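Only one structure is covered here, and it is reproduced in the block below.
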Amino acid sequence: MGAKTSELYLMSLSPKAPSRRYFLQSVGATLSLPTLHSLLPNALGASSALGTAVADAETPNRMVAIGNLLGFQLPYLFPKTPGNNYESTRLLKPLEELRNDYTLYRGLDHGVKGGHHAVHSFMTGVLTMDAKGRPDGNISLDQMAAESVAGRTRFPSLTVGSETGIHGGCQLSWTRSGVRVPPIPGPKELFERLFIGEPASRLNRVKDKHALQGSILDAINGDAKTLQKRIDQEDREKLDEYLTSVREVEKQLQLKEQWVDVPKPDAPFKQPKNKSMVEDLPLLYDLMVLALQTDSTRIATLEIGGDFEPKHLGIESGYHGLSHHGKEQKNIDQLLVLEGYQMQQFSRFLEKLKGIEDGEGNLLDHTSVLFGSGMGNANSHSNANLPMILAGGGFDHGEFKDVPTDHHKVPLCNLYLSVLNRFGVERDNFGTSTGTFA
């Protein structure tokens with residue numbers, strides 16, 4: 001766009017055009033504002049317009065969260081004996097060699113209902129519909145952590161998952177303003193993000209684009225503040241949510257700008273092709289290990305579900321259909337094959353982290369890894385008693401903790417708060433927490 005001066009103005013405020021939607025326009029870009037009822041012609045009584053417009057010295061902490069969209073067969077996951085001497089169940093057998101590196105929890109959840117539609121609360125503890133008015137909205141655990149390390153790595157966080165499957169794409173990560181973080185859909189795209197740099201010609205275009213977007217956001221922020229003086233309290237709340245989203249975009253732009261000229265790590269192998277979620281799962285884990293090892297990011301999430309259709313495991317039925325097993329053993333047996341495969345790949349991921357030296361320990365020592373599901377029982381659409389494993393991170397492990405579920409019930413967010421504190425985010429609350437996990 002060059003140095004062309006632009007005028008920023010608010011459209012459709014004339015009584016002759018009583019639109020319920022307004023736009024901030026600048027240099028060819030249009031950003032939609034929320035519906036502000038107090039700016040409707042009958043509220044204003046007249047038309048109006050706005051004016052013109054890295055690397056740390058010490059070994060860093062890391063965090064990984066893996067969410068299974070459809071849960072696990074809990075009778076085959078949870079042992080009967082709590083404590084350190086618990087028996088190894090069918091689904092825990094792949095983790096047997098790592099017994100002292102993880103803790104299994106039973107009895108934790110967010111106290112929400114909604115079946116598949118409530119799974120999006122897995123990393124937040126809060127349903128989207130209940131987030132309005134909360135100081136932190138429904139920000140997810142990973143994004144809360146990412147805010148504290150923004151700028152120290154090329155990517156504040158990496159979100160990996162499918163954009164297909166039941167109820168749309170991956171809904172594991174959420175920003176403070178309640179916006180879903182779109183996932184990286186496969187190993188091809190994740191590899192490109194981590195290792196493939198931009199040619200010089202494109203880098204210049206990227207810099208120009210960042211500068212242009214920055215000028216637009218600067219103008220919108222200034223004029224929106226002027227707008228706040230002319231609207232009622234309800235619309236101020238809407239506008240504040242909008243401005244929060246704008247500020248998040250500003251932060252992202254600033255972080256991208258400082259890494260534009262920094263070369264990416266050398267690629268360890270050729271760029272892979274996407275196959276299927278089942279076949280790609282080992283490679284996705286490997287790329288996540290590389291992302292942590294190269295300090296490209298310190299926070300990553302992965303959602304398993306959506307397009308996890310396991311035909312190459314010898315199962316013809318769909319994963320979602322099988323999850324509604326109706327207590328038929330043949331369906332449960334097939335689910336156990338799928339879930340066993342997921343546990344095997346999770347175990348392999350932990351082994352890789354444990355095998356990489358990092359400071360005075362290994363990468364697993366310095367990475368808190370959460371593995372579980374926002375679904376307790378997919379067959380009955382229950383979001384209670386969520387399966388949860390916490391590995392690594394320097395915590396004391398080797399135990400199966402059977403948490404009380406009566407009036408002494410402990411929110412899952414208490415565990416999340418402990419993980420946040422260990423990561424280095426000093427807070428006394430997160431989501432629906434009542435304190436740190438004890």
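Residue numbering restarts at 1 for every chain of the structure tokens, chains are lettered A, B, ... in their displayed order, and ligands are numbered from 1 as they appear.
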
- Test item: residues at most 9 Å from Phe72 (chain A), only C-alpha atoms, excluding those fewer than 2 positions along its chain, as a ChimeraX atom specification: /A:68,70,74-77,91,323,335-336,339,372-373,375-378,387

- Task: Show which residues sit within 9 Å of region 283-300 of chain A, as a ChimeraX atom specification. Count only C-alpha atoms, and ignore same-chain residues fewer than 3 positions away.
- Result: /A:55,60-66,142-143,145-146,149,152-160,186-187,190-191,194,264-265,272,279-280,345-346,348-349,352-353,356,358,363,367

- Message: Can you measure CA of Tyr105 (chain A) to CA of Thr128 (chain A) for me? One decimal in Å is fine.
- Response: 25.2 Å

- Message: Which residues are near Ala384 (chain A)? Cut-off 9 Å, only C-alpha atoms, ignore same chain within fewer than 5 positions. Put them as a PyMOL selection string.
- Response: chain A and resi 107-113+374-377

Just-selected residues, C-alpha atoms written as a PDB file, in the first residue's frame:
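Wrote again.pdb, looks like this:
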```
ATOM      1  CA  GLY A 107     -12.033 -38.515  40.296  1.00  0.00           C
ATOM      2  CA  LEU A 108     -11.071 -35.189  38.729  1.00  0.00           C
ATOM      3  CA  ASP A 109     -13.295 -33.198  36.386  1.00  0.00           C
ATOM      4  CA  HIS A 110     -14.673 -29.712  35.746  1.00  0.00           C
ATOM      5  CA  GLY A 111     -18.209 -30.274  36.989  1.00  0.00           C
ATOM      6  CA  VAL A 112     -19.641 -29.530  33.540  1.00  0.00           C
ATOM      7  CA  LYS A 113     -22.245 -31.306  31.429  1.00  0.00           C
ATOM      8  CA  GLY A 374     -12.666 -34.116  28.464  1.00  0.00           C
ATOM      9  CA  MET A 375     -14.932 -37.156  28.111  1.00  0.00           C
ATOM     10  CA  GLY A 376     -15.333 -39.518  31.050  1.00  0.00           C
ATOM     11  CA  ASN A 377     -17.759 -41.922  29.384  1.00  0.00           C
TER      12      ASN A 377
END
```

- Coordinates-based distance that separates CA of Ser140 (chain A) from CA of Phe400 (chain A) (Å, one decimal): 25.4 Å

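The space separating CA of Cys413 (chain A) from CA of Ala391 (chain A) comes to 16.4 Å.
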
Applying 7 Å and only C-alpha atoms, which residues near Pro79 (chain A) remain after dropping the ones on its own chain fewer than 4 positions away? List them as a compact mmCIF listing (two decimals) with C-alpha atoms, in the first residue's frame.
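Listing of out_7.txt after writing:
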```txt
# COMPACT_ATOMS: atom_id res chain seq x y z
CA TYR A 86 -1.21 -50.31 42.02
CA GLU A 87 -1.59 -53.13 39.54
CA SER A 88 -0.90 -52.52 35.85
CA THR A 89 -4.13 -52.54 33.84
```

- Between A:Arg193, A:Arg90, A:Lys273, A:Lys354, which has the minimum distance to Gln73 (chain A) (counting only C-alpha atoms)? A:Arg90
